[in-house]
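Okay, run-v4.pdb now, which holds PDB, C-alpha atoms:
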ATOM      1  CA  MET A   1      -0.142  44.607  27.465
ATOM      2  CA  SER A   2      -1.472  41.721  29.571
ATOM      3  CA  LEU A   3       0.432  38.562  30.402
ATOM      4  CA  VAL A   4      -2.175  36.577  28.496
ATOM      5  CA  SER A   5      -1.553  38.509  25.277
ATOM      6  CA  VAL A   6       2.225  38.221  25.744
ATOM      7  CA  GLY A   7       1.906  34.476  26.252
ATOM      8  CA  GLN A   8      -0.330  34.233  23.185
ATOM      9  CA  ARG A   9       2.238  36.061  21.060
ATOM     10  CA  ILE A  10       5.063  33.860  22.276
ATOM     11  CA  GLY A  11       2.959  30.772  21.608
ATOM     12  CA  ASP A  12       2.124  31.967  18.104
ATOM     13  CA  ARG A  13       5.802  32.570  17.349
ATOM     14  CA  LEU A  14       6.792  29.139  18.609
ATOM     15  CA  HIS A  15       4.057  27.502  16.546
ATOM     16  CA  ALA A  16       5.176  29.470  13.479
ATOM     17  CA  LYS A  17       8.797  28.382  13.969
ATOM     18  CA  ALA A  18       7.699  24.771  14.476
ATOM     19  CA  ALA A  19       5.709  24.932  11.239
ATOM     20  CA  VAL A  20       8.776  26.212   9.380
ATOM     21  CA  VAL A  21      10.939  23.410  10.796
ATOM     22  CA  ARG A  22       8.385  20.775   9.834
ATOM     23  CA  VAL A  23       8.106  22.085   6.277
ATOM     24  CA  GLN A  24      11.886  22.255   5.920
ATOM     25  CA  ILE A  25      12.276  18.672   7.110
ATOM     26  CA  GLU A  26       9.520  17.402   4.828
ATOM     27  CA  ASP A  27      10.918  19.249   1.806
ATOM     28  CA  ARG A  28      14.420  17.902   2.451
ATOM     29  CA  LEU A  29      13.686  14.256   3.204
ATOM     30  CA  ASP A  30      15.492  13.135   0.051
ATOM     31  CA  TRP A  31      18.580  15.073   1.050
ATOM     32  CA  ILE A  32      18.359  13.787   4.611
ATOM     33  CA  VAL A  33      18.360  10.201   3.348
ATOM     34  CA  ILE A  34      21.280  10.864   1.004
ATOM     35  CA  ALA A  35      23.254  12.633   3.738
ATOM     36  CA  TRP A  36      22.617   9.717   6.093
ATOM     37  CA  LEU A  37      23.855   7.179   3.528
ATOM     38  CA  ILE A  38      27.031   9.151   2.893
ATOM     39  CA  ILE A  39      27.874  10.019   6.510
ATOM     40  CA  ALA A  40      26.930   6.624   7.969
ATOM     41  CA  GLY A  41      28.789   4.866   5.155
ATOM     42  CA  LEU A  42      31.952   6.868   5.788
ATOM     43  CA  ALA A  43      31.674   6.346   9.545
ATOM     44  CA  SER A  44      31.306   2.596   8.995
ATOM     45  CA  ALA A  45      34.382   2.529   6.760
ATOM     46  CA  VAL A  46      36.407   4.393   9.375
ATOM     47  CA  ARG A  47      35.197   2.091  12.155
ATOM     48  CA  ILE A  48      36.122  -1.000  10.180
ATOM     49  CA  ALA A  49      39.497   0.412   9.188
ATOM     50  CA  PHE A  50      40.464   1.205  12.794
ATOM     51  CA  SER A  51      39.109  -1.968  14.392
ATOM     52  CA  PRO A  52      41.625  -4.638  15.435
ATOM     53  CA  ALA A  53      41.284  -7.908  13.571
ATOM     54  CA  GLY A  54      43.294 -11.105  13.475
ATOM     55  CA  GLN A  55      42.477 -11.809   9.839
ATOM     56  CA  PRO A  56      41.044 -10.037   6.783
ATOM     57  CA  PHE A  57      37.521  -8.694   7.118
ATOM     58  CA  GLY A  58      34.785 -10.775   5.540
ATOM     59  CA  VAL A  59      31.026 -10.778   5.119
ATOM     60  CA  GLU A  60      30.478 -11.117   8.861
ATOM     61  CA  THR A  61      32.363  -7.841   9.265
ATOM     62  CA  MET A  62      30.674  -5.844   6.518
ATOM     63  CA  LEU A  63      27.093  -7.058   6.939
ATOM     64  CA  PRO A  64      26.302  -5.347  10.287
ATOM     65  CA  TYR A  65      27.476  -1.985   8.978
ATOM     66  CA  ALA A  66      25.662  -2.419   5.670
ATOM     67  CA  LEU A  67      22.448  -3.121   7.579
ATOM     68  CA  LEU A  68      23.024  -0.139   9.848
ATOM     69  CA  VAL A  69      23.552   2.180   6.886
ATOM     70  CA  PHE A  70      20.757   0.981   4.598
ATOM     71  CA  ALA A  71      18.000  -0.309   6.908
ATOM     72  CA  PRO A  72      16.928   3.065   8.411
ATOM     73  CA  ALA A  73      17.062   4.772   5.017
ATOM     74  CA  ALA A  74      15.064   1.989   3.358
ATOM     75  CA  SER A  75      12.560   1.992   6.232
ATOM     76  CA  LEU A  76      11.978   5.729   5.894
ATOM     77  CA  VAL A  77      11.536   5.536   2.118
ATOM     78  CA  LEU A  78       9.176   2.559   2.383
ATOM     79  CA  ALA A  79       7.211   4.232   5.171
ATOM     80  CA  LEU A  80       6.641   7.254   2.937
ATOM     81  CA  ARG A  81       4.961   4.875   0.491
ATOM     82  CA  TRP A  82       3.095   2.872   3.133
ATOM     83  CA  PHE A  83       1.704   6.017   4.719
ATOM     84  CA  ALA A  84       1.122   8.075   1.572
ATOM     85  CA  ASP A  85      -2.567   8.120   2.540
ATOM     86  CA  GLY A  86      -1.883   7.990   6.268
ATOM     87  CA  ASP A  87      -4.469  10.595   7.202
ATOM     88  CA  ARG A  88      -7.154   8.548   5.415
ATOM     89  CA  GLN A  89      -6.430   5.304   7.222
ATOM     90  CA  PRO A  90      -9.213   4.097   9.558
ATOM     91  CA  GLN A  91      -9.261   4.814  13.249
ATOM     92  CA  PRO A  92      -8.653   1.808  15.527
ATOM     93  CA  ARG A  93     -11.804   0.067  16.690
ATOM     94  CA  PHE A  94     -10.871   0.149  20.394
ATOM     95  CA  ARG A  95      -9.558   3.222  22.187
ATOM     96  CA  LEU A  96      -6.615   2.764  24.539
ATOM     97  CA  ALA A  97      -6.242   6.475  25.348
ATOM     98  CA  ARG A  98      -9.243   7.141  27.597
ATOM     99  CA  ILE A  99      -7.909   9.947  29.772
ATOM    100  CA  GLY A 100      -9.834  13.194  29.448
ATOM    101  CA  ARG A 101     -13.222  14.082  27.998
ATOM    102  CA  TRP A 102     -13.367  13.948  24.216
ATOM    103  CA  THR A 103     -15.972  13.977  21.489
ATOM    104  CA  GLU A 104     -15.509  11.827  18.389
ATOM    105  CA  VAL A 105     -15.905  13.793  15.158
ATOM    106  CA  GLU A 106     -15.829  12.984  11.468
ATOM    107  CA  ARG A 107     -12.427  12.987   9.819
ATOM    108  CA  GLU A 108     -13.260  15.948   7.593
ATOM    109  CA  LEU A 109     -14.370  18.003  10.590
ATOM    110  CA  ALA A 110     -11.152  17.149  12.426
ATOM    111  CA  ARG A 111      -9.109  18.318   9.421
ATOM    112  CA  LYS A 112     -10.759  21.718   9.607
ATOM    113  CA  HIS A 113      -9.881  22.151  13.282
ATOM    114  CA  ARG A 114      -7.250  24.797  14.005
ATOM    115  CA  LEU A 115      -5.101  22.246  15.887
ATOM    116  CA  TYR A 116      -5.076  19.637  13.148
ATOM    117  CA  GLY A 117      -1.649  18.699  11.836
ATOM    118  CA  ALA A 118       1.808  17.644  12.995
ATOM    119  CA  GLY A 119       2.768  21.071  14.292
ATOM    120  CA  GLY A 120       3.533  22.769  17.579
ATOM    121  CA  ILE A 121       5.195  20.592  20.172
ATOM    122  CA  MET A 122       4.680  17.572  17.926
ATOM    123  CA  VAL A 123       7.523  18.865  15.749
ATOM    124  CA  SER A 124       9.907  18.479  18.702
ATOM    125  CA  LEU A 125       8.843  14.860  19.121
ATOM    126  CA  MET A 126       9.294  14.211  15.401
ATOM    127  CA  VAL A 127      12.752  15.773  15.401
ATOM    128  CA  GLY A 128      13.638  13.667  18.440
ATOM    129  CA  MET A 129      12.663  10.459  16.638
ATOM    130  CA  LEU A 130      14.684  11.465  13.591
ATOM    131  CA  VAL A 131      17.730  12.434  15.660
ATOM    132  CA  ALA A 132      17.507   9.115  17.541
ATOM    133  CA  VAL A 133      18.752   7.374  14.382
ATOM    134  CA  PRO A 134      22.251   8.951  14.243
ATOM    135  CA  ILE A 135      22.531   8.943  18.036
ATOM    136  CA  ARG A 136      21.948   5.186  18.230
ATOM    137  CA  ALA A 137      24.367   4.687  15.339
ATOM    138  CA  LEU A 138      27.068   6.726  17.096
ATOM    139  CA  GLU A 139      26.629   4.661  20.251
ATOM    140  CA  TYR A 140      27.055   1.501  18.189
ATOM    141  CA  PHE A 141      30.170   2.812  16.450
ATOM    142  CA  GLY A 142      31.661   3.765  19.797
ATOM    143  CA  SER A 143      30.902   0.528  21.638
ATOM    144  CA  MET A 144      31.144  -2.244  19.037
ATOM    145  CA  PRO A 145      34.356  -3.079  17.138
ATOM    146  CA  ALA A 146      34.286  -4.708  13.736
ATOM    147  CA  ILE A 147      34.833  -8.454  14.134
ATOM    148  CA  SER A 148      36.168 -11.123  11.808
ATOM    149  CA  GLY A 149      36.927 -14.802  12.056
ATOM    150  CA  PRO A 150      36.535 -16.829  15.256
ATOM    151  CA  VAL A 151      35.673 -14.706  18.293
ATOM    152  CA  PRO A 152      34.792 -15.566  21.905
ATOM    153  CA  ALA A 153      31.206 -16.665  22.474
ATOM    154  CA  TRP A 154      30.415 -13.662  24.682
ATOM    155  CA  LEU A 155      31.622 -11.252  21.980
ATOM    156  CA  SER A 156      29.607 -13.034  19.297
ATOM    157  CA  VAL A 157      26.418 -12.850  21.381
ATOM    158  CA  LEU A 158      27.053  -9.236  22.369
ATOM    159  CA  HIS A 159      27.843  -8.143  18.828
ATOM    160  CA  THR A 160      24.788  -9.913  17.399
ATOM    161  CA  MET A 161      22.375  -8.446  19.942
ATOM    162  CA  MET A 162      23.777  -4.925  19.720
ATOM    163  CA  THR A 163      23.640  -5.067  15.919
ATOM    164  CA  LEU A 164      20.044  -6.300  15.939
ATOM    165  CA  ASP A 165      19.166  -3.588  18.424
ATOM    166  CA  VAL A 166      20.627  -0.678  16.473
ATOM    167  CA  VAL A 167      19.344  -1.868  13.084
ATOM    168  CA  LEU A 168      15.832  -2.616  14.332
ATOM    169  CA  MET A 169      15.368   0.439  16.528
ATOM    170  CA  THR A 170      16.764   2.986  14.071
ATOM    171  CA  SER A 171      14.475   1.537  11.402
ATOM    172  CA  LEU A 172      11.430   1.630  13.673
ATOM    173  CA  TYR A 173      12.045   5.202  14.812
ATOM    174  CA  ALA A 174      12.331   6.216  11.150
ATOM    175  CA  VAL A 175       8.968   4.553  10.455
ATOM    176  CA  ALA A 176       7.402   6.241  13.499
ATOM    177  CA  PHE A 177       8.684   9.616  12.287
ATOM    178  CA  VAL A 178       6.924   9.163   8.942
ATOM    179  CA  ALA A 179       3.758   7.935  10.682
ATOM    180  CA  ALA A 180       3.675  11.154  12.714
ATOM    181  CA  LEU A 181       4.404  13.291   9.678
ATOM    182  CA  ARG A 182       1.630  11.643   7.637
ATOM    183  CA  HIS A 183      -0.968  11.808  10.462
ATOM    184  CA  VAL A 184      -1.381   8.032  10.677
ATOM    185  CA  PRO A 185      -4.067   7.249  13.317
ATOM    186  CA  LEU A 186      -2.009   4.411  14.776
ATOM    187  CA  PHE A 187       1.047   6.619  15.364
ATOM    188  CA  PRO A 188       0.638   6.990  19.162
ATOM    189  CA  ARG A 189       0.262   3.212  19.572
ATOM    190  CA  LEU A 190       3.171   2.583  17.226
ATOM    191  CA  LEU A 191       5.492   4.827  19.215
ATOM    192  CA  ALA A 192       4.387   3.264  22.510
ATOM    193  CA  ALA A 193       5.088  -0.208  21.080
ATOM    194  CA  ILE A 194       8.542   0.917  19.912
ATOM    195  CA  TRP A 195       9.334   2.204  23.390
ATOM    196  CA  GLY A 196       8.302  -1.132  24.875
ATOM    197  CA  LEU A 197      10.381  -3.072  22.354
ATOM    198  CA  ASP A 198      13.355  -0.804  22.999
ATOM    199  CA  LEU A 199      13.202  -1.496  26.735
ATOM    200  CA  ALA A 200      12.760  -5.226  26.165
ATOM    201  CA  PHE A 201      15.777  -5.386  23.864
ATOM    202  CA  GLN A 202      18.052  -3.773  26.456
ATOM    203  CA  LEU A 203      16.926  -6.218  29.134
ATOM    204  CA  VAL A 204      17.188  -9.270  26.867
ATOM    205  CA  THR A 205      20.658  -8.232  25.701
ATOM    206  CA  ALA A 206      21.878  -7.840  29.263
ATOM    207  CA  GLU A 207      20.430 -11.227  30.230
ATOM    208  CA  LEU A 208      21.841 -13.138  27.250
ATOM    209  CA  VAL A 209      25.315 -11.665  27.522
ATOM    210  CA  ALA A 210      25.405 -12.203  31.297
ATOM    211  CA  ARG A 211      24.600 -15.902  30.778
ATOM    212  CA  THR A 212      27.430 -16.352  28.271
ATOM    213  CA  ALA A 213      30.556 -17.830  29.809
ATOM    214  CA  GLY A 214      33.821 -15.956  29.725
ATOM    215  CA  LEU A 215      32.543 -12.381  29.790
ATOM    216  CA  PRO A 216      35.471 -10.277  31.084
ATOM    217  CA  THR A 217      34.835  -7.953  33.991
ATOM    218  CA  GLU A 218      36.393  -5.045  32.119
ATOM    219  CA  VAL A 219      33.690  -5.528  29.476
ATOM    220  CA  ALA A 220      30.785  -6.392  31.764
ATOM    221  CA  ASN A 221      30.872  -3.170  33.755
ATOM    222  CA  PRO A 222      30.914  -0.721  30.809
ATOM    223  CA  LEU A 223      28.292  -2.846  29.063
ATOM    224  CA  GLN A 224      26.015  -2.672  32.075
ATOM    225  CA  SER A 225      26.452   1.093  32.190
ATOM    226  CA  LEU A 226      25.640   1.376  28.478
ATOM    227  CA  LEU A 227      22.479  -0.740  28.735
ATOM    228  CA  ASP A 228      21.371   1.052  31.903
ATOM    229  CA  GLY A 229      21.872   4.353  30.120
ATOM    230  CA  ASN A 230      19.752   3.172  27.190
ATOM    231  CA  VAL A 231      16.966   2.090  29.523
ATOM    232  CA  LYS A 232      17.040   5.438  31.319
ATOM    233  CA  LYS A 233      16.854   7.342  28.044
ATOM    234  CA  VAL A 234      13.812   5.362  26.942
ATOM    235  CA  LEU A 235      12.141   5.843  30.324
ATOM    236  CA  ILE A 236      12.828   9.580  30.166
ATOM    237  CA  SER A 237      11.277   9.706  26.689
ATOM    238  CA  ILE A 238       8.229   7.848  27.958
ATOM    239  CA  GLY A 239       7.921  10.146  30.959
ATOM    240  CA  LEU A 240       8.172  13.246  28.788
ATOM    241  CA  TRP A 241       6.060  12.264  25.811
ATOM    242  CA  LEU A 242       3.480   9.722  26.964
ATOM    243  CA  PRO A 243       1.416  12.343  28.847
ATOM    244  CA  TYR A 244       1.581  14.542  25.763
ATOM    245  CA  LEU A 245       0.385  11.718  23.497
ATOM    246  CA  LEU A 246      -2.517  11.027  25.845
ATOM    247  CA  LEU A 247      -3.627  14.550  26.736
ATOM    248  CA  SER A 248      -2.591  16.848  23.898
ATOM    249  CA  ARG A 249      -5.524  18.376  22.044
ATOM    250  CA  ARG A 250      -3.437  18.483  18.867
ATOM    251  CA  VAL A 251      -2.641  14.763  19.108
ATOM    252  CA  ASN A 252      -6.268  13.885  19.755
ATOM    253  CA  VAL A 253      -7.549  16.047  16.906
ATOM    254  CA  THR A 254      -4.904  14.911  14.426
ATOM    255  CA  TYR A 255      -4.496  11.229  15.193
ATOM    256  CA  ARG A 256      -7.740  10.288  16.954
ATOM    257  CA  SER A 257     -10.288  12.569  15.221
ATOM    258  CA  ARG A 258     -11.721  13.798  18.496
ATOM    259  CA  ILE A 259     -11.989  17.209  20.089
ATOM    260  CA  PRO A 260     -12.340  18.338  23.720
ATOM    261  CA  ALA A 261     -15.884  17.733  24.975
TER
END

Re-express the file's structure as structure tokens.
Amino acid sequence: MSLVSVGQRIGDRLHAKAAVVRVQIEDRLDWIVIAWLIIAGLASAVRIAFSPAGQPFGVETMLPYALLVFAPAASLVLALRWFADGDRQPQPRFRLARIGRWTEVERELARKHRLYGAGGIMVSLMVGMLVAVPIRALEYFGSMPAISGPVPAWLSVLHTMMTLDVVLMTSLYAVAFVAALRHVPLFPRLLAAIWGLDLAFQLVTAELVARTAGLPTEVANPLQSLLDGNVKKVLISIGLWLPYLLLSRRVNVTYRSRIPA
């Protein structure tokens, strides 16, 4: 048996397993949303219960956790409606991905291509976007205490920015996941824009908090490490997946309706 045939068999098995994973995720989206609401809700309750506070918790305490719990779930559900006909949405007028030699084909012809669909390695990217939601939530639970009443200016700014970051980014990654699943032509651009926004948010947060008077050193150093870590994770994602989004035949067939020339 030649190495080529062995490699082909391994590739076929991996593609088959990826297809099974994708189908399982798609069939269980309702349960995934429900599980998220339950687990994130319980985690929020625990975080609030074990956070120090000088006075009873109020709306300013509950609201960030309510947004964190419900915003990603609502975004995913709404995206499933927005992109119900995702594969029939028009291609963008101007191409940004110009690397490689490709031939534009009709949508129906692209659908018949053997590489059409969110399968193969694309499943790993989709799972990564979905897993990013609980990971970002866990980081928030671990770094941000529940606050109530008057707090120092630096803590108010930090808490506001970190809350906006986790709510916005988890929601956007949920939307990007659905866009990939539904073969939306703008998916590669959407994910690239989310990466850029993610990087910008880390830098803006660091700048705003650093400019706020009274930031303790024992807070500044761990905060800098956290934001640096977030930036590195985004850059690693870009380094791993941007070449794939630009050069993958599957991505080009599925999302750009073009095949290798």

>> When the PyMOL selection byres ((chain A and resi 65) around 12) is applied to the structure above, which residues does it catch, written out as a ChimeraX atom specification?
In response: /A:37,40-48,58-64,66-72,137-138,140-141,144-147,159-160,162-164,166-167

Hey, what comes out of the PyMOL selection byres ((chain A and resi 106) around 12) on this file? Could you write it as a PDB file with C-alpha atoms, in the coordinates of the input?
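Written file, selection21.pdb:
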ATOM      1  CA  ARG A  88      -7.154   8.548   5.415  1.00  0.00           C
ATOM      2  CA  PRO A  90      -9.213   4.097   9.558  1.00  0.00           C
ATOM      3  CA  GLN A  91      -9.261   4.814  13.249  1.00  0.00           C
ATOM      4  CA  THR A 103     -15.972  13.977  21.489  1.00  0.00           C
ATOM      5  CA  GLU A 104     -15.509  11.827  18.389  1.00  0.00           C
ATOM      6  CA  VAL A 105     -15.905  13.793  15.158  1.00  0.00           C
ATOM      7  CA  ARG A 107     -12.427  12.987   9.819  1.00  0.00           C
ATOM      8  CA  GLU A 108     -13.260  15.948   7.593  1.00  0.00           C
ATOM      9  CA  LEU A 109     -14.370  18.003  10.590  1.00  0.00           C
ATOM     10  CA  ALA A 110     -11.152  17.149  12.426  1.00  0.00           C
ATOM     11  CA  ARG A 111      -9.109  18.318   9.421  1.00  0.00           C
ATOM     12  CA  LYS A 112     -10.759  21.718   9.607  1.00  0.00           C
ATOM     13  CA  HIS A 113      -9.881  22.151  13.282  1.00  0.00           C
ATOM     14  CA  VAL A 253      -7.549  16.047  16.906  1.00  0.00           C
ATOM     15  CA  THR A 254      -4.904  14.911  14.426  1.00  0.00           C
ATOM     16  CA  ARG A 256      -7.740  10.288  16.954  1.00  0.00           C
ATOM     17  CA  SER A 257     -10.288  12.569  15.221  1.00  0.00           C
ATOM     18  CA  ARG A 258     -11.721  13.798  18.496  1.00  0.00           C
ATOM     19  CA  ILE A 259     -11.989  17.209  20.089  1.00  0.00           C
TER      20      ILE A 259
END

>> Taking only C-alpha atoms into account, name the residue in A:Met169, A:Leu186, A:Val127, A:Ala16 that is nearest to A:Phe83.
In response: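 Of A:Met169, A:Leu186, A:Val127, A:Ala16, the one nearest A:Phe83 is A:Leu186, counting only C-alpha atoms.
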
> Mind telling me what the PyMOL selection byres ((chain A and resi 33) around 10) catches here, as number ranges by chain?
Replying inline: A: 28-32, 34-38, 70, 72-74, 76-77

> Which residue, A:Ser51, A:Leu191, A:Glu207, A:Pro260, has the smallest gap to A:Leu247 when you use only C-alpha atoms?
Replying inline: A:Pro260

Write a file for stretch 166-247 of chain A, containing C-alpha atoms (output as a PDB file, in the first residue's frame).
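The result, stored in out-v9.pdb:
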ATOM      1  CA  VAL A 166     -16.859  39.809  27.092  1.00  0.00           C
ATOM      2  CA  VAL A 167     -20.487  40.526  26.159  1.00  0.00           C
ATOM      3  CA  LEU A 168     -19.653  41.899  22.714  1.00  0.00           C
ATOM      4  CA  MET A 169     -17.015  39.357  21.735  1.00  0.00           C
ATOM      5  CA  THR A 170     -18.894  36.268  22.915  1.00  0.00           C
ATOM      6  CA  SER A 171     -21.935  37.487  20.984  1.00  0.00           C
ATOM      7  CA  LEU A 172     -19.918  38.162  17.835  1.00  0.00           C
ATOM      8  CA  TYR A 173     -18.150  34.800  17.914  1.00  0.00           C
ATOM      9  CA  ALA A 174     -21.557  33.128  18.261  1.00  0.00           C
ATOM     10  CA  VAL A 175     -22.775  35.033  15.187  1.00  0.00           C
ATOM     11  CA  ALA A 176     -19.617  34.110  13.252  1.00  0.00           C
ATOM     12  CA  PHE A 177     -20.142  30.444  14.143  1.00  0.00           C
ATOM     13  CA  VAL A 178     -23.640  30.507  12.641  1.00  0.00           C
ATOM     14  CA  ALA A 179     -22.376  32.393   9.574  1.00  0.00           C
ATOM     15  CA  ALA A 180     -19.843  29.618   8.960  1.00  0.00           C
ATOM     16  CA  LEU A 181     -22.412  26.906   9.565  1.00  0.00           C
ATOM     17  CA  ARG A 182     -24.906  28.488   7.145  1.00  0.00           C
ATOM     18  CA  HIS A 183     -22.298  29.138   4.399  1.00  0.00           C
ATOM     19  CA  VAL A 184     -22.754  32.914   4.475  1.00  0.00           C
ATOM     20  CA  PRO A 185     -20.494  34.468   1.777  1.00  0.00           C
ATOM     21  CA  LEU A 186     -19.382  37.251   4.108  1.00  0.00           C
ATOM     22  CA  PHE A 187     -18.202  34.831   6.811  1.00  0.00           C
ATOM     23  CA  PRO A 188     -14.438  35.188   6.154  1.00  0.00           C
ATOM     24  CA  ARG A 189     -14.700  38.997   6.255  1.00  0.00           C
ATOM     25  CA  LEU A 190     -16.891  38.849   9.343  1.00  0.00           C
ATOM     26  CA  LEU A 191     -14.382  36.729  11.240  1.00  0.00           C
ATOM     27  CA  ALA A 192     -11.491  38.971  10.174  1.00  0.00           C
ATOM     28  CA  ALA A 193     -13.428  42.027  11.400  1.00  0.00           C
ATOM     29  CA  ILE A 194     -14.125  40.307  14.735  1.00  0.00           C
ATOM     30  CA  TRP A 195     -10.430  39.569  15.162  1.00  0.00           C
ATOM     31  CA  GLY A 196      -9.611  43.214  14.499  1.00  0.00           C
ATOM     32  CA  LEU A 197     -12.258  44.415  16.947  1.00  0.00           C
ATOM     33  CA  ASP A 198     -11.017  41.956  19.558  1.00  0.00           C
ATOM     34  CA  LEU A 199      -7.473  43.311  19.297  1.00  0.00           C
ATOM     35  CA  ALA A 200      -8.695  46.908  19.379  1.00  0.00           C
ATOM     36  CA  PHE A 201     -10.755  46.295  22.510  1.00  0.00           C
ATOM     37  CA  GLN A 202      -7.764  44.905  24.412  1.00  0.00           C
ATOM     38  CA  LEU A 203      -5.628  47.901  23.474  1.00  0.00           C
ATOM     39  CA  VAL A 204      -8.351  50.451  24.256  1.00  0.00           C
ATOM     40  CA  THR A 205      -9.059  48.815  27.617  1.00  0.00           C
ATOM     41  CA  ALA A 206      -5.400  48.916  28.581  1.00  0.00           C
ATOM     42  CA  GLU A 207      -5.130  52.568  27.541  1.00  0.00           C
ATOM     43  CA  LEU A 208      -8.274  53.740  29.348  1.00  0.00           C
ATOM     44  CA  VAL A 209      -7.496  51.932  32.579  1.00  0.00           C
ATOM     45  CA  ALA A 210      -3.869  53.115  32.536  1.00  0.00           C
ATOM     46  CA  ARG A 211      -5.064  56.732  32.252  1.00  0.00           C
ATOM     47  CA  THR A 212      -7.389  56.391  35.248  1.00  0.00           C
ATOM     48  CA  ALA A 213      -5.889  57.731  38.454  1.00  0.00           C
ATOM     49  CA  GLY A 214      -5.409  55.494  41.444  1.00  0.00           C
ATOM     50  CA  LEU A 215      -4.840  52.167  39.707  1.00  0.00           C
ATOM     51  CA  PRO A 216      -2.993  49.988  42.259  1.00  0.00           C
ATOM     52  CA  THR A 217       0.208  48.307  41.168  1.00  0.00           C
ATOM     53  CA  GLU A 218      -1.024  44.949  42.430  1.00  0.00           C
ATOM     54  CA  VAL A 219      -3.908  45.278  39.960  1.00  0.00           C
ATOM     55  CA  ALA A 220      -2.024  46.875  37.074  1.00  0.00           C
ATOM     56  CA  ASN A 221       0.482  44.069  36.631  1.00  0.00           C
ATOM     57  CA  PRO A 222      -1.998  41.150  36.509  1.00  0.00           C
ATOM     58  CA  LEU A 223      -4.270  43.232  34.287  1.00  0.00           C
ATOM     59  CA  GLN A 224      -1.453  43.868  31.848  1.00  0.00           C
ATOM     60  CA  SER A 225      -0.673  40.157  31.781  1.00  0.00           C
ATOM     61  CA  LEU A 226      -4.334  39.322  31.139  1.00  0.00           C
ATOM     62  CA  LEU A 227      -4.678  41.814  28.274  1.00  0.00           C
ATOM     63  CA  ASP A 228      -1.347  40.755  26.771  1.00  0.00           C
ATOM     64  CA  GLY A 229      -2.504  37.156  26.930  1.00  0.00           C
ATOM     65  CA  ASN A 230      -5.743  38.046  25.144  1.00  0.00           C
ATOM     66  CA  VAL A 231      -3.844  39.849  22.403  1.00  0.00           C
ATOM     67  CA  LYS A 232      -1.509  36.887  21.940  1.00  0.00           C
ATOM     68  CA  LYS A 233      -4.422  34.470  21.683  1.00  0.00           C
ATOM     69  CA  VAL A 234      -6.068  36.575  18.990  1.00  0.00           C
ATOM     70  CA  LEU A 235      -2.790  36.903  17.091  1.00  0.00           C
ATOM     71  CA  ILE A 236      -2.264  33.141  17.289  1.00  0.00           C
ATOM     72  CA  SER A 237      -5.777  32.590  15.924  1.00  0.00           C
ATOM     73  CA  ILE A 238      -5.073  34.995  13.083  1.00  0.00           C
ATOM     74  CA  GLY A 239      -1.761  33.317  12.315  1.00  0.00           C
ATOM     75  CA  LEU A 240      -3.353  29.874  12.274  1.00  0.00           C
ATOM     76  CA  TRP A 241      -6.604  30.561  10.472  1.00  0.00           C
ATOM     77  CA  LEU A 242      -6.094  33.557   8.189  1.00  0.00           C
ATOM     78  CA  PRO A 243      -3.958  31.577   5.701  1.00  0.00           C
ATOM     79  CA  TYR A 244      -6.606  28.864   5.742  1.00  0.00           C
ATOM     80  CA  LEU A 245      -9.400  31.366   5.050  1.00  0.00           C
ATOM     81  CA  LEU A 246      -7.428  32.804   2.142  1.00  0.00           C
ATOM     82  CA  LEU A 247      -6.043  29.653   0.533  1.00  0.00           C
TER      83      LEU A 247
END
